[in-house]
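Asks: Structure: data.cif, mmCIF, C-alpha atoms.
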data_entry
loop_
_atom_site.group_PDB
_atom_site.id
_atom_site.type_symbol
_atom_site.label_atom_id
_atom_site.label_comp_id
_atom_site.auth_asym_id
_atom_site.auth_seq_id
_atom_site.Cartn_x
_atom_site.Cartn_y
_atom_site.Cartn_z
ATOM 1 C CA MET E 1 10.717 85.100 75.971
ATOM 2 C CA GLY E 2 10.668 87.634 73.179
ATOM 3 C CA GLN E 3 9.401 91.164 73.100
ATOM 4 C CA ILE E 4 6.271 92.111 71.147
ATOM 5 C CA GLN E 5 5.623 95.793 70.527
ATOM 6 C CA LYS E 6 2.986 97.602 68.522
ATOM 7 C CA VAL E 7 2.568 101.038 66.966
ATOM 8 C CA ASP E 8 -0.842 102.051 65.625
ATOM 9 C CA PHE E 9 -1.299 104.349 62.656
ATOM 10 C CA SER E 10 -4.555 105.695 61.257
ATOM 11 C CA SER E 11 -5.010 102.917 58.694
ATOM 12 C CA PHE E 12 -2.630 100.131 59.762
ATOM 13 C CA SER E 13 -0.483 98.829 62.610
ATOM 14 C CA TRP E 14 3.203 98.054 62.865
ATOM 15 C CA ILE E 15 3.909 95.012 65.052
ATOM 16 C CA ASN E 16 7.505 94.239 65.894
ATOM 17 C CA LEU E 17 8.721 90.995 67.464
ATOM 18 C CA THR E 18 12.255 90.889 68.838
ATOM 19 C CA ASP E 19 13.793 87.461 69.495
ATOM 20 C CA PRO E 20 10.378 85.762 69.698
ATOM 21 C CA SER E 21 9.920 82.234 70.966
ATOM 22 C CA GLU E 22 8.674 79.416 68.779
ATOM 23 C CA GLN E 23 5.266 79.582 70.462
ATOM 24 C CA GLU E 24 4.944 83.316 69.863
ATOM 25 C CA ILE E 25 5.663 82.906 66.159
ATOM 26 C CA THR E 26 3.226 79.983 65.935
ATOM 27 C CA ASN E 27 0.518 82.030 67.664
ATOM 28 C CA LEU E 28 1.187 84.905 65.262
ATOM 29 C CA GLY E 29 0.781 82.579 62.287
ATOM 30 C CA GLU E 30 -2.506 81.215 63.615
ATOM 31 C CA LYS E 31 -3.881 84.671 64.344
ATOM 32 C CA TYR E 32 -3.144 86.109 60.890
ATOM 33 C CA LYS E 33 -3.502 82.791 58.997
ATOM 34 C CA PHE E 34 -0.015 82.831 57.531
ATOM 35 C CA HIS E 35 1.172 79.987 55.342
ATOM 36 C CA PRO E 36 2.856 77.196 57.375
ATOM 37 C CA LEU E 37 5.968 77.378 55.195
ATOM 38 C CA ASP E 38 6.364 81.056 56.096
ATOM 39 C CA ILE E 39 6.149 80.213 59.789
ATOM 40 C CA THR E 40 8.766 77.503 59.241
ATOM 41 C CA ASP E 41 11.027 80.075 57.569
ATOM 42 C CA CYS E 42 10.631 82.348 60.603
ATOM 43 C CA LEU E 43 11.517 79.544 63.002
ATOM 44 C CA SER E 44 14.671 78.419 61.194
ATOM 45 C CA PRO E 45 17.573 80.555 59.935
ATOM 46 C CA SER E 46 17.464 81.484 56.253
ATOM 47 C CA TYR E 47 20.511 81.594 54.001
ATOM 48 C CA ARG E 48 19.128 83.845 51.287
ATOM 49 C CA SER E 49 16.784 86.772 50.877
ATOM 50 C CA LYS E 50 13.468 85.977 49.209
ATOM 51 C CA LEU E 51 9.922 87.245 48.702
ATOM 52 C CA ASP E 52 6.673 85.242 48.418
ATOM 53 C CA ALA E 53 3.386 86.857 47.408
ATOM 54 C CA TYR E 54 -0.016 85.581 48.558
ATOM 55 C CA PRO E 55 -3.543 86.890 47.895
ATOM 56 C CA LYS E 56 -3.815 88.453 51.374
ATOM 57 C CA TYR E 57 -0.210 89.370 52.232
ATOM 58 C CA ILE E 58 3.419 89.406 51.133
ATOM 59 C CA PHE E 59 6.139 87.570 53.032
ATOM 60 C CA TRP E 60 9.650 88.974 52.731
ATOM 61 C CA VAL E 61 12.845 87.489 54.178
ATOM 62 C CA MET E 62 15.681 90.000 54.119
ATOM 63 C CA LEU E 63 19.233 89.126 55.106
ATOM 64 C CA LEU E 64 21.227 92.126 56.261
ATOM 65 C CA PRO E 65 24.852 92.537 57.367
ATOM 66 C CA TYR E 66 26.069 93.614 60.775
ATOM 67 C CA TYR E 67 29.563 93.911 62.223
ATOM 68 C CA ASP E 68 30.620 91.950 65.306
ATOM 69 C CA ASP E 69 33.252 94.017 67.135
ATOM 70 C CA GLN E 70 34.513 91.089 69.211
ATOM 71 C CA THR E 71 35.174 88.636 66.378
ATOM 72 C CA ARG E 72 35.765 91.298 63.689
ATOM 73 C CA GLU E 73 33.332 89.470 61.423
ATOM 74 C CA ILE E 74 30.590 90.704 59.134
ATOM 75 C CA LEU E 75 27.661 88.425 59.888
ATOM 76 C CA SER E 76 24.152 88.168 58.519
ATOM 77 C CA THR E 77 20.967 88.707 60.468
ATOM 78 C CA GLU E 78 17.465 87.961 59.309
ATOM 79 C CA LEU E 79 14.524 90.332 59.150
ATOM 80 C CA ASP E 80 11.195 88.596 58.447
ATOM 81 C CA ILE E 81 8.410 90.828 57.140
ATOM 82 C CA PHE E 82 4.685 90.217 56.729
ATOM 83 C CA ILE E 83 2.917 93.072 55.003
ATOM 84 C CA SER E 84 -0.703 93.576 54.028
ATOM 85 C CA LYS E 85 -3.196 96.409 53.794
ATOM 86 C CA GLU E 86 -3.853 96.512 57.543
ATOM 87 C CA TYR E 87 -0.536 95.568 59.098
ATOM 88 C CA LEU E 88 3.218 95.517 58.859
ATOM 89 C CA ILE E 89 4.734 92.747 60.986
ATOM 90 C CA THR E 90 8.500 92.526 61.468
ATOM 91 C CA ILE E 91 10.464 89.797 63.231
ATOM 92 C CA ASN E 92 14.098 90.520 64.090
ATOM 93 C CA HIS E 93 16.836 89.080 66.268
ATOM 94 C CA ASN E 94 18.063 92.308 67.864
ATOM 95 C CA HIS E 95 21.225 92.657 65.744
ATOM 96 C CA LEU E 96 20.000 95.713 63.849
ATOM 97 C CA GLY E 97 20.400 98.699 66.136
ATOM 98 C CA ILE E 98 19.259 101.202 63.512
ATOM 99 C CA PHE E 99 16.046 99.234 62.957
ATOM 100 C CA ASN E 100 15.209 99.082 66.669
ATOM 101 C CA ASP E 101 15.967 102.795 67.053
ATOM 102 C CA PHE E 102 13.661 103.610 64.144
ATOM 103 C CA PHE E 103 10.814 101.600 65.682
ATOM 104 C CA HIS E 104 11.423 103.233 69.050
ATOM 105 C CA LEU E 105 11.081 106.688 67.475
ATOM 106 C CA PHE E 106 7.561 105.862 66.316
ATOM 107 C CA GLN E 107 6.708 104.524 69.769
ATOM 108 C CA ILE E 108 7.678 107.669 71.643
ATOM 109 C CA SER E 109 6.785 110.317 69.068
ATOM 110 C CA PRO E 110 3.071 110.947 68.377
ATOM 111 C CA ASP E 111 4.100 113.759 66.019
ATOM 112 C CA LEU E 112 6.035 111.304 63.874
ATOM 113 C CA ARG E 113 3.062 108.929 63.730
ATOM 114 C CA GLU E 114 0.755 111.793 62.741
ATOM 115 C CA ARG E 115 2.851 112.378 59.645
ATOM 116 C CA TYR E 116 1.556 109.065 58.343
ATOM 117 C CA PRO E 117 -2.205 109.681 57.955
ATOM 118 C CA ASP E 118 -2.067 108.971 54.220
ATOM 119 C CA LYS E 119 0.881 106.592 54.311
ATOM 120 C CA SER E 120 0.458 102.913 53.503
ATOM 121 C CA PRO E 121 2.393 100.004 55.009
ATOM 122 C CA GLU E 122 4.576 99.673 51.914
ATOM 123 C CA LYS E 123 5.650 103.311 52.163
ATOM 124 C CA LEU E 124 6.667 102.784 55.766
ATOM 125 C CA LEU E 125 8.444 99.597 54.695
ATOM 126 C CA TYR E 126 10.325 101.617 52.078
ATOM 127 C CA GLU E 127 11.659 103.952 54.774
ATOM 128 C CA ILE E 128 12.666 100.959 56.916
ATOM 129 C CA MET E 129 14.456 99.262 54.022
ATOM 130 C CA HIS E 130 16.118 102.516 52.997
ATOM 131 C CA LYS E 131 17.616 102.961 56.458
ATOM 132 C CA LEU E 132 18.739 99.341 56.640
ATOM 133 C CA ILE E 133 20.325 99.226 53.182
ATOM 134 C CA VAL E 134 22.027 102.599 53.570
ATOM 135 C CA SER E 135 23.446 101.416 56.915
ATOM 136 C CA SER E 136 25.735 99.129 54.872
ATOM 137 C CA PHE E 137 27.829 102.077 53.676
ATOM 138 C CA PRO E 138 29.669 102.622 57.017
ATOM 139 C CA MET E 139 30.771 98.976 56.871
ATOM 140 C CA ILE E 140 32.028 99.515 53.315
ATOM 141 C CA ASP E 141 33.926 102.606 54.505
ATOM 142 C CA HIS E 142 35.409 100.536 57.336
ATOM 143 C CA LEU E 143 36.576 97.871 54.874
ATOM 144 C CA ASN E 144 38.159 100.566 52.696
ATOM 145 C CA GLU E 145 39.998 101.931 55.739
ATOM 146 C CA ASP E 146 41.229 98.418 56.557
ATOM 147 C CA CYS E 147 42.505 98.063 52.986
ATOM 148 C CA ASP E 148 44.320 101.420 53.304
ATOM 149 C CA LYS E 149 46.024 100.243 56.509
ATOM 150 C CA ILE E 150 47.031 96.950 54.903
ATOM 151 C CA GLU E 151 48.451 98.748 51.863
ATOM 152 C CA LYS E 152 50.587 101.053 54.036
ATOM 153 C CA ALA E 153 51.796 98.122 56.130
ATOM 154 C CA ILE E 154 52.774 96.070 53.075
ATOM 155 C CA PHE E 155 55.016 98.840 51.764
ATOM 156 C CA SER E 156 56.428 99.514 55.237
ATOM 157 C CA GLY E 157 58.049 96.097 55.528
ATOM 158 C CA LYS E 158 55.287 94.510 57.638
ATOM 159 C CA GLU E 159 54.014 92.120 54.993
ATOM 160 C CA LYS E 160 54.330 89.001 57.171
ATOM 161 C CA GLY E 161 51.983 90.437 59.784
ATOM 162 C CA MET E 162 49.450 91.308 57.085
ATOM 163 C CA VAL E 163 48.803 87.724 55.978
ATOM 164 C CA SER E 164 46.132 87.089 58.623
ATOM 165 C CA GLU E 165 44.736 90.623 58.283
ATOM 166 C CA ILE E 166 44.233 90.178 54.549
ATOM 167 C CA LEU E 167 42.452 86.873 55.110
ATOM 168 C CA ILE E 168 40.113 88.466 57.671
ATOM 169 C CA ILE E 169 39.205 91.340 55.359
ATOM 170 C CA ARG E 170 38.819 89.021 52.372
ATOM 171 C CA ARG E 171 36.487 86.775 54.384
ATOM 172 C CA ASN E 172 34.395 89.777 55.430
ATOM 173 C CA ILE E 173 34.117 91.035 51.850
ATOM 174 C CA THR E 174 33.101 87.570 50.658
ATOM 175 C CA ASP E 175 30.440 87.254 53.369
ATOM 176 C CA PHE E 176 29.220 90.798 52.681
ATOM 177 C CA ARG E 177 28.863 89.997 48.969
ATOM 178 C CA LYS E 178 26.995 86.780 49.751
ATOM 179 C CA ILE E 179 24.479 88.725 51.864
ATOM 180 C CA MET E 180 23.933 91.523 49.338
ATOM 181 C CA GLN E 181 24.049 89.480 46.141
ATOM 182 C CA VAL E 182 20.300 88.954 45.624
ATOM 183 C CA HIS E 183 19.008 92.215 47.109
ATOM 184 C CA LYS E 184 18.563 93.857 43.727
ATOM 185 C CA ASN E 185 16.434 91.008 42.351
ATOM 186 C CA VAL E 186 14.327 90.738 45.517
ATOM 187 C CA LEU E 187 13.657 94.483 45.445
ATOM 188 C CA LYS E 188 12.539 94.242 41.813
ATOM 189 C CA LYS E 189 10.176 91.415 42.739
ATOM 190 C CA ALA E 190 8.818 93.460 45.648
ATOM 191 C CA ILE E 191 8.097 96.449 43.389
ATOM 192 C CA HIS E 192 6.290 94.228 40.889
ATOM 193 C CA ASN E 193 4.089 92.660 43.572
ATOM 194 C CA PHE E 194 3.317 95.938 45.333
ATOM 195 C CA LYS E 195 2.166 97.476 42.051
ATOM 196 C CA ALA E 196 0.225 94.410 40.922
ATOM 197 C CA SER E 197 -1.567 93.643 44.189
ATOM 198 C CA PRO E 198 -4.904 95.387 44.982
ATOM 199 C CA LEU E 199 -3.920 95.343 48.665
ATOM 200 C CA PHE E 200 -1.510 98.243 48.292
ATOM 201 C CA VAL E 201 -1.814 101.843 47.146
ATOM 202 C CA MET E 202 1.476 101.806 45.301
ATOM 203 C CA LYS E 203 0.933 102.913 41.700
ATOM 204 C CA LYS E 204 2.944 102.156 38.600
ATOM 205 C CA ALA E 205 4.140 105.739 38.590
ATOM 206 C CA ASP E 206 5.566 105.461 42.108
ATOM 207 C CA ILE E 207 9.347 105.245 41.923
ATOM 208 C CA TYR E 208 10.505 105.438 45.544
ATOM 209 C CA PHE E 209 11.368 101.720 45.725
ATOM 210 C CA GLU E 210 13.434 102.098 42.550
ATOM 211 C CA SER E 211 15.875 104.221 44.532
ATOM 212 C CA LEU E 212 16.544 101.193 46.743
ATOM 213 C CA ILE E 213 17.559 99.219 43.660
ATOM 214 C CA ASP E 214 20.014 101.975 42.725
ATOM 215 C CA THR E 215 21.395 101.930 46.275
ATOM 216 C CA ALA E 216 21.741 98.139 46.181
ATOM 217 C CA LYS E 217 23.600 98.423 42.861
ATOM 218 C CA GLU E 218 25.928 101.045 44.345
ATOM 219 C CA ILE E 219 26.681 98.802 47.320
ATOM 220 C CA TRP E 220 27.361 95.862 45.001
ATOM 221 C CA ASP E 221 29.695 97.972 42.844
ATOM 222 C CA ASN E 222 31.607 99.038 45.957
ATOM 223 C CA LEU E 223 31.888 95.424 47.066
ATOM 224 C CA GLU E 224 33.171 94.444 43.620
ATOM 225 C CA ASN E 225 35.861 97.130 43.884
ATOM 226 C CA LEU E 226 36.756 95.957 47.385
ATOM 227 C CA LYS E 227 37.015 92.365 46.179
ATOM 228 C CA GLU E 228 39.393 93.345 43.386
ATOM 229 C CA ARG E 229 41.398 95.559 45.719
ATOM 230 C CA ILE E 230 41.899 92.976 48.455
ATOM 231 C CA GLU E 231 42.875 90.366 45.851
ATOM 232 C CA ALA E 232 45.439 92.788 44.421
ATOM 233 C CA LEU E 233 46.758 93.507 47.922
ATOM 234 C CA GLN E 234 47.028 89.806 48.651
ATOM 235 C CA GLN E 235 49.017 89.237 45.459
ATOM 236 C CA THR E 236 51.252 92.206 46.262
ATOM 237 C CA ASN E 237 51.811 90.950 49.790
ATOM 238 C CA GLU E 238 52.700 87.462 48.562
ATOM 239 C CA SER E 239 55.085 88.982 46.012
ATOM 240 C CA GLN E 240 56.765 91.029 48.760
ATOM 241 C CA ILE E 241 57.144 87.960 50.950
ATOM 242 C CA SER E 242 58.501 85.917 48.023
ATOM 243 C CA PHE E 243 60.975 88.691 47.167
ATOM 244 C CA ARG E 244 62.233 88.860 50.750
ATOM 245 C CA LEU E 245 62.565 85.073 50.913
ATOM 246 C CA SER E 246 64.432 85.101 47.612
ATOM 247 C CA ASP E 247 66.726 87.828 48.934
ATOM 248 C CA ILE E 248 67.405 85.817 52.088
ATOM 249 C CA MET E 249 68.046 82.646 50.091
ATOM 250 C CA ARG E 250 70.413 84.535 47.788
ATOM 251 C CA THR E 251 72.392 85.843 50.777
ATOM 252 C CA LEU E 252 72.576 82.390 52.341
ATOM 253 C CA THR E 253 73.628 80.867 49.027
ATOM 254 C CA ILE E 254 76.428 83.422 48.601
ATOM 255 C CA ILE E 255 77.640 82.745 52.144
ATOM 256 C CA SER E 256 77.566 78.995 51.490
ATOM 257 C CA VAL E 257 79.457 79.314 48.197
ATOM 258 C CA ILE E 258 82.087 81.605 49.764
ATOM 259 C CA THR E 259 82.664 79.472 52.840
ATOM 260 C CA PHE E 260 82.805 76.159 50.957
ATOM 261 C CA PRO E 261 86.306 76.669 49.377
ATOM 262 C CA ALA E 262 87.625 77.968 52.689
ATOM 263 C CA THR E 263 86.182 74.952 54.479
ATOM 264 C CA LEU E 264 87.639 72.647 51.840
ATOM 265 C CA LEU E 265 91.058 74.293 52.184
ATOM 266 C CA ALA E 266 90.918 73.979 55.963
ATOM 267 C CA ALA E 267 89.989 70.309 55.633
ATOM 268 C CA ILE E 268 92.876 69.681 53.254
ATOM 269 C CA PHE E 269 95.400 71.361 55.534
ATOM 270 C CA GLY E 270 93.924 69.478 58.448
ATOM 271 C CA MET E 271 94.911 66.111 56.940
ATOM 272 C CA ASN E 272 97.277 64.040 59.029
ATOM 273 C CA THR E 273 100.019 63.917 56.375
ATOM 274 C CA ILE E 274 102.862 65.603 58.179
ATOM 275 C CA HIS E 275 105.686 65.217 55.695
ATOM 276 C CA ALA E 276 103.577 65.964 52.561
ATOM 277 C CA MET E 277 101.692 69.045 53.807
ATOM 278 C CA PRO E 278 103.209 72.433 52.861
ATOM 279 C CA PHE E 279 103.823 75.096 55.516
ATOM 280 C CA ILE E 280 103.784 72.390 58.201
ATOM 281 C CA ASP E 281 107.214 73.375 59.483
ATOM 282 C CA ASN E 282 106.920 77.062 58.671
ATOM 283 C CA HIS E 283 106.575 79.407 61.634
ATOM 284 C CA PHE E 284 104.004 81.507 59.699
ATOM 285 C CA GLY E 285 102.245 78.538 58.076
ATOM 286 C CA PHE E 286 98.924 79.199 59.807
ATOM 287 C CA TRP E 287 98.860 82.780 58.550
ATOM 288 C CA TYR E 288 99.752 81.638 55.022
ATOM 289 C CA VAL E 289 96.680 79.385 55.022
ATOM 290 C CA ILE E 290 94.479 82.188 56.396
ATOM 291 C CA GLY E 291 95.890 84.491 53.717
ATOM 292 C CA ILE E 292 95.044 81.993 50.956
ATOM 293 C CA MET E 293 91.501 81.720 52.341
ATOM 294 C CA ALA E 294 91.162 85.529 52.412
ATOM 295 C CA ILE E 295 92.367 85.785 48.807
ATOM 296 C CA MET E 296 89.861 83.143 47.704
ATOM 297 C CA ILE E 297 86.978 84.845 49.518
ATOM 298 C CA THR E 298 87.942 88.288 48.179
ATOM 299 C CA THR E 299 88.200 86.933 44.625
ATOM 300 C CA MET E 300 84.779 85.299 44.830
ATOM 301 C CA LEU E 301 83.177 88.413 46.326
ATOM 302 C CA THR E 302 84.667 90.506 43.495
ATOM 303 C CA ILE E 303 83.298 88.110 40.883
ATOM 304 C CA PHE E 304 79.820 88.084 42.486
ATOM 305 C CA LYS E 305 79.778 91.886 42.689
ATOM 306 C CA ARG E 306 80.802 92.343 39.041
ATOM 307 C CA LYS E 307 78.044 89.951 37.914
ATOM 308 C CA GLY E 308 75.470 91.824 40.022
ATOM 309 C CA TRP E 309 74.725 88.903 42.292
ATOM 310 C CA MET E 310 75.202 91.033 45.403
#
Using structure tokens, write down the structure that the file contains.
Replies:
Amino acid sequence: MGQIQKVDFSSFSWINLTDPSEQEITNLGEKYKFHPLDITDCLSPSYRSKLDAYPKYIFWVMLLPYYDDQTREILSTELDIFISKEYLITINHNHLGIFNDFFHLFQISPDLRERYPDKSPEKLLYEIMHKLIVSSFPMIDHLNEDCDKIEKAIFSGKEKGMVSEILIIRRNITDFRKIMQVHKNVLKKAIHNFKASPLFVMKKADIYFESLIDTAKEIWDNLENLKERIEALQQTNESQISFRLSDIMRTLTIISVITFPATLLAAIFGMNTIHAMPFIDNHFGFWYVIGIMAIMITTMLTIFKRKGWM
């Protein structure tokens, strides 16, 4: 069972539904005569933000990001908005703490409601959208901090442990971009419809919604920079890992090349040809063989060092 709350202003009401049931949304649609497709959109999850204008109201689906501390994922949550001259109806799924806190302020503060005698629903909606869009900046700051930590770790010799971290951050940036990608266009469409519709008091000279477009552009630019940065960090990390693997392979190759002649010499002197094998009757024969091996290894090491292979 969901929660339905209402705040009355002088000229309109704000009705907020939190995690409503299917029946509650259906009843809401019947009461306000909303289009059946809009009710269907409210009942099923949406995968993109959109805005539909009707003669008596505007329906706005807004996808917004939120951070899940347990899974370390940036996920999307849906805010459904019905707005007309006499009401502002919002339907949310309780993932937007800042939105619920803002609504609660109007519930408990008569002084705050009294500041809205001449305000229209779209002006209140602007303040709601401003708070929600601006709330994306702390997540961007968090992603930048994660990138800083990854960068320090890569150049501290911890590149192997950063592979999964880079993938997590890259996934979050990709999901964040997917959520915010169409915000600018939806905001432009909202401004056009608010100014064109006789239901609203928004005039062509009003520019407060334009600031949201600028904010959405700023967020998108930051996400573009983050995308480029995490891709650069991933390439750097892979290069570091490849360099270390190459260094290990070079060391192993040198060891193999050095030990091969010594192994071959030991195999030759280990042949069961008693009368043909030199040093077989010599009291210091074993040490002669070891000495030959040492000379061979020293010679090869000197050659490798002079050629810069070590």
Asks: Tell me, counting only C-alpha atoms, for each residue of range 204-233 of chain E within 10 Å of range 130-143 of chain E, which pair of atoms is nearest and how far apart they are in Å to one decimal, in rows ordered by chain and increasing number, as a tab-separated table.
Replies:
residue	atom	partner	partner_atom	distance
E:Tyr208	CA	E:His130	CA	9.8
E:Phe209	CA	E:His130	CA	8.7
E:Ser211	CA	E:His130	CA	8.6
E:Leu212	CA	E:His130	CA	6.4
E:Ile213	CA	E:Ile133	CA	9.9
E:Thr215	CA	E:Val134	CA	7.4
E:Ala216	CA	E:Ile133	CA	7.2
E:Glu218	CA	E:Phe137	CA	9.6
E:Ile219	CA	E:Phe137	CA	7.2
E:Asn222	CA	E:Ile140	CA	7.4
E:Leu223	CA	E:Ile140	CA	7.5
E:Leu226	CA	E:Leu143	CA	7.7
E:Ile230	CA	E:Leu143	CA	9.7
Asks: Expand the PyMOL selection byres ((chain E and resi 95-98) around 8) into the explicit residue set it covers here, and present it as a list in words.
Replies: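 Written out, the selection comes to Tyr66, Thr77, Asn92, His93, Asn94, Phe99, Asn100, Asp101, Phe102, Lys131, Leu132 and Ser135 of chain E.
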Asks: Please write as a list of chain:residue names the full residue list that the PyMOL selection byres ((chain E and resi 81) around 8) yields on this file.
Replies: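 Here the PyMOL selection byres ((chain E and resi 81) around 8) matches E:Ile58, E:Phe59, E:Trp60, E:Val61, E:Met62, E:Leu79, E:Asp80, E:Phe82, E:Ile83, E:Leu88, E:Ile89, E:Thr90, E:Ile91.
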Asks: Please save C-alpha atoms of the selected residues as a CSV table (one decimal), in the frame of the given file.
Replies:
chain,number,residue,atom,x,y,z
E,58,ILE,CA,3.4,89.4,51.1
E,59,PHE,CA,6.1,87.6,53.0
E,60,TRP,CA,9.6,89.0,52.7
E,61,VAL,CA,12.8,87.5,54.2
E,62,MET,CA,15.7,90.0,54.1
E,79,LEU,CA,14.5,90.3,59.2
E,80,ASP,CA,11.2,88.6,58.4
E,82,PHE,CA,4.7,90.2,56.7
E,83,ILE,CA,2.9,93.1,55.0
E,88,LEU,CA,3.2,95.5,58.9
E,89,ILE,CA,4.7,92.7,61.0
E,90,THR,CA,8.5,92.5,61.5
E,91,ILE,CA,10.5,89.8,63.2
Asks: From the options E:His283, E:Trp220, E:Met300, E:Gly157, which residue's atoms come nearest to Ser256 in chain E, counting all atoms listed in the file?
Replies: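 Result for the nearest residue to Ser256 in chain E: E:Met300.
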Asks: For Met202 in chain E, please output as a VMD selection string all residues within 9 Å (counting all atoms listed in the file; exclusion window: fewer than 4 positions along the same chain).
Replies: chain E and resid 120 122 to 123 191 194 to 197 206
Asks: Keeping C-alpha atoms for every residue in the selection just given, could you write it to a file as a PDB file, in the coordinates of the input?
Replies:
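Generated file (again_38.pdb):
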ATOM      1  CA  SER E 120       0.458 102.913  53.503  1.00  0.00           C
ATOM      2  CA  GLU E 122       4.576  99.673  51.914  1.00  0.00           C
ATOM      3  CA  LYS E 123       5.650 103.311  52.163  1.00  0.00           C
ATOM      4  CA  ILE E 191       8.097  96.449  43.389  1.00  0.00           C
ATOM      5  CA  PHE E 194       3.317  95.938  45.333  1.00  0.00           C
ATOM      6  CA  LYS E 195       2.166  97.476  42.051  1.00  0.00           C
ATOM      7  CA  ALA E 196       0.225  94.410  40.922  1.00  0.00           C
ATOM      8  CA  SER E 197      -1.567  93.643  44.189  1.00  0.00           C
ATOM      9  CA  ASP E 206       5.566 105.461  42.108  1.00  0.00           C
TER      10      ASP E 206
END
Asks: Between CA of Lys50 in chain E and CA of Leu75 in chain E, measure the distance and give it in Å to one decimal.
Replies: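 Value for the CA of Lys50 in chain E-CA of Leu75 in chain E distance: 17.9 Å.
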Asks: Take every atom of range 100-118 of chain E listed in the file, fit an axis-aligned box around them, add 4 Å per side, and give the centre and edge lengths in Å to one decimal as lines of an AutoDock Vina configuration file.
Replies:
center_x = 6.9
center_y = 106.4
center_z = 62.9
size_x = 26.2
size_y = 22.7
size_z = 25.4
Asks: Report as a list in words the full result of the PyMOL selection byres ((chain E and resi 240) around 12) when it is applied to this structure.
Replies: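 Applying the PyMOL selection byres ((chain E and resi 240) around 12) to the structure shown produces Glu151, Ala153, Ile154, Phe155, Ser156, Gly157, Lys158, Glu159, Lys160, Met162, Val163, Leu233, Gln234, Gln235, Thr236, Asn237, Glu238, Ser239, Ile241, Ser242, Phe243, Arg244, Leu245, Ser246 and Asp247 of chain E.
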Asks: Under the rule that all atoms listed in the file are counted, which of E:Leu63, E:Ala232, E:Leu124, E:Ile255 is the nearest residue to Pro45 in chain E?
Replies: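 Of E:Leu63, E:Ala232, E:Leu124, E:Ile255, the one nearest Pro45 in chain E, counting all atoms listed in the file, is E:Leu63.
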Asks: Kindly indicate which residue among E:Ile166, E:Leu125, E:Leu187, E:Ile4 lies nearest to Asp52 in chain E, using all atoms listed in the file for the distances.
Replies: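 Using all atoms listed in the file, Asp52 in chain E sits closest to E:Leu187.
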Asks: If we count only C-alpha atoms, what is near range 292-296 of chain E at a cut-off of 10 Å, once residues fewer than 2 positions away on the same chain are taken out, given as a VMD selection string?
Replies: chain E and resid 258 to 259 261 to 266 287 to 290 298 to 302
Asks: Would you compute the distance between CA of Pro36 in chain E and CA of Val7 in chain E? Give it in Å to one decimal.
Replies: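 These two atoms are separated by 25.7 Å.
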Asks: So what do you get for CA of Arg177 in chain E versus CA of Ser76 in chain E, distance-wise?
Replies: 10.8 Å
